[in-house]
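Chemist: This is the structure I want to talk about, given as structure tokens.
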Amino acid sequence: MKKAILATKVGMTQIFNEEGSLIPVTVLQAGPCAVTQVKTVENDGYEAVQVGFVDKKEKVVNKDAAGKKSIKRRHGVNKAEKGHFDKAGVSGKRYVREFKFENCADYNLGDEIKADIFEAGDKIDATAISKGKGFQGAIKRLGQHRGPMAHGSKFHRHQGSNGSCSTPSRVFKGKGMPGHMGSVKVTIQNLEVVKVDVENNLLLVKGAVPGPKKSLVTIKESVKAGK
């Protein structure tokens with residue numbers, strides 16, 4: 001992997017290309033990400049670059065004791081995390097992830113990774129946690145068919161037979177049934193970067209990207225690029 005970045009989902013819109021065709025795009029706030037640690041084979045057993053994304057807001061706690069007001073300032077991170085970020089010379093970060101770049105040795109603590117590492121026409125893979133749909137039935141969750149909707153029917157939106165009674169006298173693993181839908185890690189491959197706004201660190205990606213607005217999205221160069 002040569003390039004990757006963390007982003008947050010802004011939303012969807014549409015743009016027109018040079019030929020005048022309308023293209024639906026997802027707008028991603030990509031970076032800037034700060035390098036918080038460079039892992040090496042000697043120290044960690046493998047090479048990787050750890051990056052942080054989105055500054056944590058400082059918290060102000062007011063305490064009244066004996067009629068006096070004291071203000072305690074925190075950086076939104078615990079003592080161990082603060083020491084880790086201070087060593088890299090960056091502020092406290094909300095998201096921390098690792099990327100196994102091919103050129104890990106070229107990165108230094110505190111370096112910034114911005115949206116300009118990508119350009120229009122690049123193929124990427126986008127990974128995020130999909131929208132949670134709560135508890136859903138088998139029809140919505142798995143696309144199963146419903147039963148007759150006549151008055152005499154007692155089978156409308158049930159998932160159907162779960163298994164025979166005598167053989168095997170149990171329900172097989174993997175049987176499609178109602179349950180929690182969504183809120184799982186989803187990766188969409190071979191998405192195309194339509195436009196890069198370097199000044200505002202924005203990526204415009206053709207099509208839909210998993211997850212709700214403001215959710216974290218991991219952008220990597222496509223593993224199938226050029227195939």
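We label chains A, B, ... in the order they appear in the structure tokens, count residues from 1 in each chain, and number ligands from 1 in the order shown.
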So which residues touch region 109-112 of chain A within 10 Å, counting only C-alpha atoms, skipping near sequence neighbours fewer than 4 positions away, as a VMD selection string?
Modeler: chain A and resid 31 to 38 49 to 52 85 to 91
Chemist: Can you list, as a list in words, every protein, DNA or RNA residue that comes within 12 Å of region 156-173 of chain A when you count only C-alpha atoms, leaving out same-chain residues fewer than 2 positions away?
Modeler: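 Using only C-alpha atoms, the neighbours found are Gln136, Gly137, Ala138, Ile139, Lys140, Arg141, Leu142, Gly143, Gln144, His145, Arg146, Gly147, Pro148, Met149, Ala150, His151, Gly152, Ser153, Lys154, Lys175, Gly176, Met177, Pro178 and Gly179 of chain A.
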Chemist: Restricted to C-alpha atoms, what would the selected residues look like written as a compact mmCIF listing (two decimals), in the first residue's frame?
Modeler:
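Output (result22.txt):
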```
# COMPACT_ATOMS: atom_id res chain seq x y z
CA GLN A 136 -35.55 -5.95 11.47
CA GLY A 137 -37.53 -8.85 10.07
CA ALA A 138 -36.33 -11.36 7.52
CA ILE A 139 -38.00 -9.55 4.60
CA LYS A 140 -36.17 -6.25 5.08
CA ARG A 141 -32.99 -7.75 6.50
CA LEU A 142 -32.48 -10.60 4.03
CA GLY A 143 -34.84 -9.84 1.15
CA GLN A 144 -37.02 -12.91 1.73
CA HIS A 145 -40.48 -13.18 0.16
CA ARG A 146 -43.68 -12.60 2.08
CA GLY A 147 -46.66 -14.95 2.20
CA PRO A 148 -50.18 -14.43 0.82
CA MET A 149 -51.84 -11.28 2.13
CA ALA A 150 -55.42 -12.68 2.00
CA HIS A 151 -57.61 -12.69 5.12
CA GLY A 152 -57.41 -16.44 5.58
CA SER A 153 -53.62 -16.56 5.42
CA LYS A 154 -51.75 -16.76 8.71
CA LYS A 175 -30.45 -19.78 8.88
CA GLY A 176 -31.84 -16.42 7.79
CA MET A 177 -33.87 -15.02 10.67
CA PRO A 178 -34.86 -11.62 12.07
CA GLY A 179 -32.18 -9.75 14.00
```
Chemist: Rank A:Met1, A:Ala115, A:Leu6, A:Cys104 by their smallest atom-to-atom distance to Asn200 (chain A), using only C-alpha atoms, and report the top residue only.
Modeler: A:Ala115
Chemist: By how many Å are CA of Ile5 (chain A) and CA of Phe101 (chain A) apart?
Modeler: 11.1 Å
Chemist: Find the spatial neighbours of Glu47 (chain A), counting only C-alpha atoms, within a cut-off of 7 Å - ignore same-chain residues fewer than 3 positions away - and output them as a PyMOL selection string.
Modeler: chain A and resi 39-41+100+104
Chemist: May I have the selected residues written with all heavy atoms, as a short mmCIF file (atom, residue, chain, number, x, y, z; two decimals), in the first residue's frame?
Modeler:
```cif
data_model
loop_
_atom_site.label_atom_id
_atom_site.label_comp_id
_atom_site.auth_asym_id
_atom_site.auth_seq_id
_atom_site.Cartn_x
_atom_site.Cartn_y
_atom_site.Cartn_z
N LYS A 39 6.30 2.69 13.39
CA LYS A 39 6.69 1.39 13.92
C LYS A 39 7.72 0.73 13.00
O LYS A 39 7.60 0.78 11.78
CB LYS A 39 5.46 0.49 14.08
CG LYS A 39 4.45 1.04 15.08
CD LYS A 39 3.47 0.01 15.53
CE LYS A 39 2.61 0.54 16.67
NZ LYS A 39 1.68 -0.48 17.20
N THR A 40 8.71 0.09 13.62
CA THR A 40 9.79 -0.54 12.87
C THR A 40 9.89 -2.03 13.24
O THR A 40 9.35 -2.46 14.27
CB THR A 40 11.13 0.14 13.18
OG1 THR A 40 11.41 0.02 14.59
CG2 THR A 40 11.09 1.61 12.80
N VAL A 41 10.60 -2.77 12.41
CA VAL A 41 10.77 -4.20 12.64
C VAL A 41 11.57 -4.43 13.92
O VAL A 41 11.30 -5.35 14.70
CB VAL A 41 11.46 -4.86 11.44
CG1 VAL A 41 11.73 -6.34 11.71
CG2 VAL A 41 10.61 -4.71 10.19
N LYS A 100 0.03 0.19 6.84
CA LYS A 100 1.29 -0.48 6.48
C LYS A 100 1.73 0.01 5.10
O LYS A 100 1.49 -0.63 4.08
CB LYS A 100 1.11 -2.00 6.50
CG LYS A 100 0.89 -2.56 7.89
CD LYS A 100 0.88 -4.09 7.89
CE LYS A 100 0.75 -4.63 9.30
NZ LYS A 100 0.77 -6.11 9.35
N CYS A 104 7.47 3.24 4.86
CA CYS A 104 7.28 3.71 6.23
C CYS A 104 8.47 4.53 6.73
O CYS A 104 8.31 5.45 7.53
CB CYS A 104 7.03 2.53 7.17
SG CYS A 104 5.48 1.66 6.87
#
```
Chemist: Which is closest to Glu102 (chain A) among A:Ala48, A:Ala208, A:Ala120, A:Ile219, if we use only C-alpha atoms?
Modeler: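 Nearest candidate to Glu102 (chain A) out of A:Ala48, A:Ala208, A:Ala120, A:Ile219: A:Ala48.
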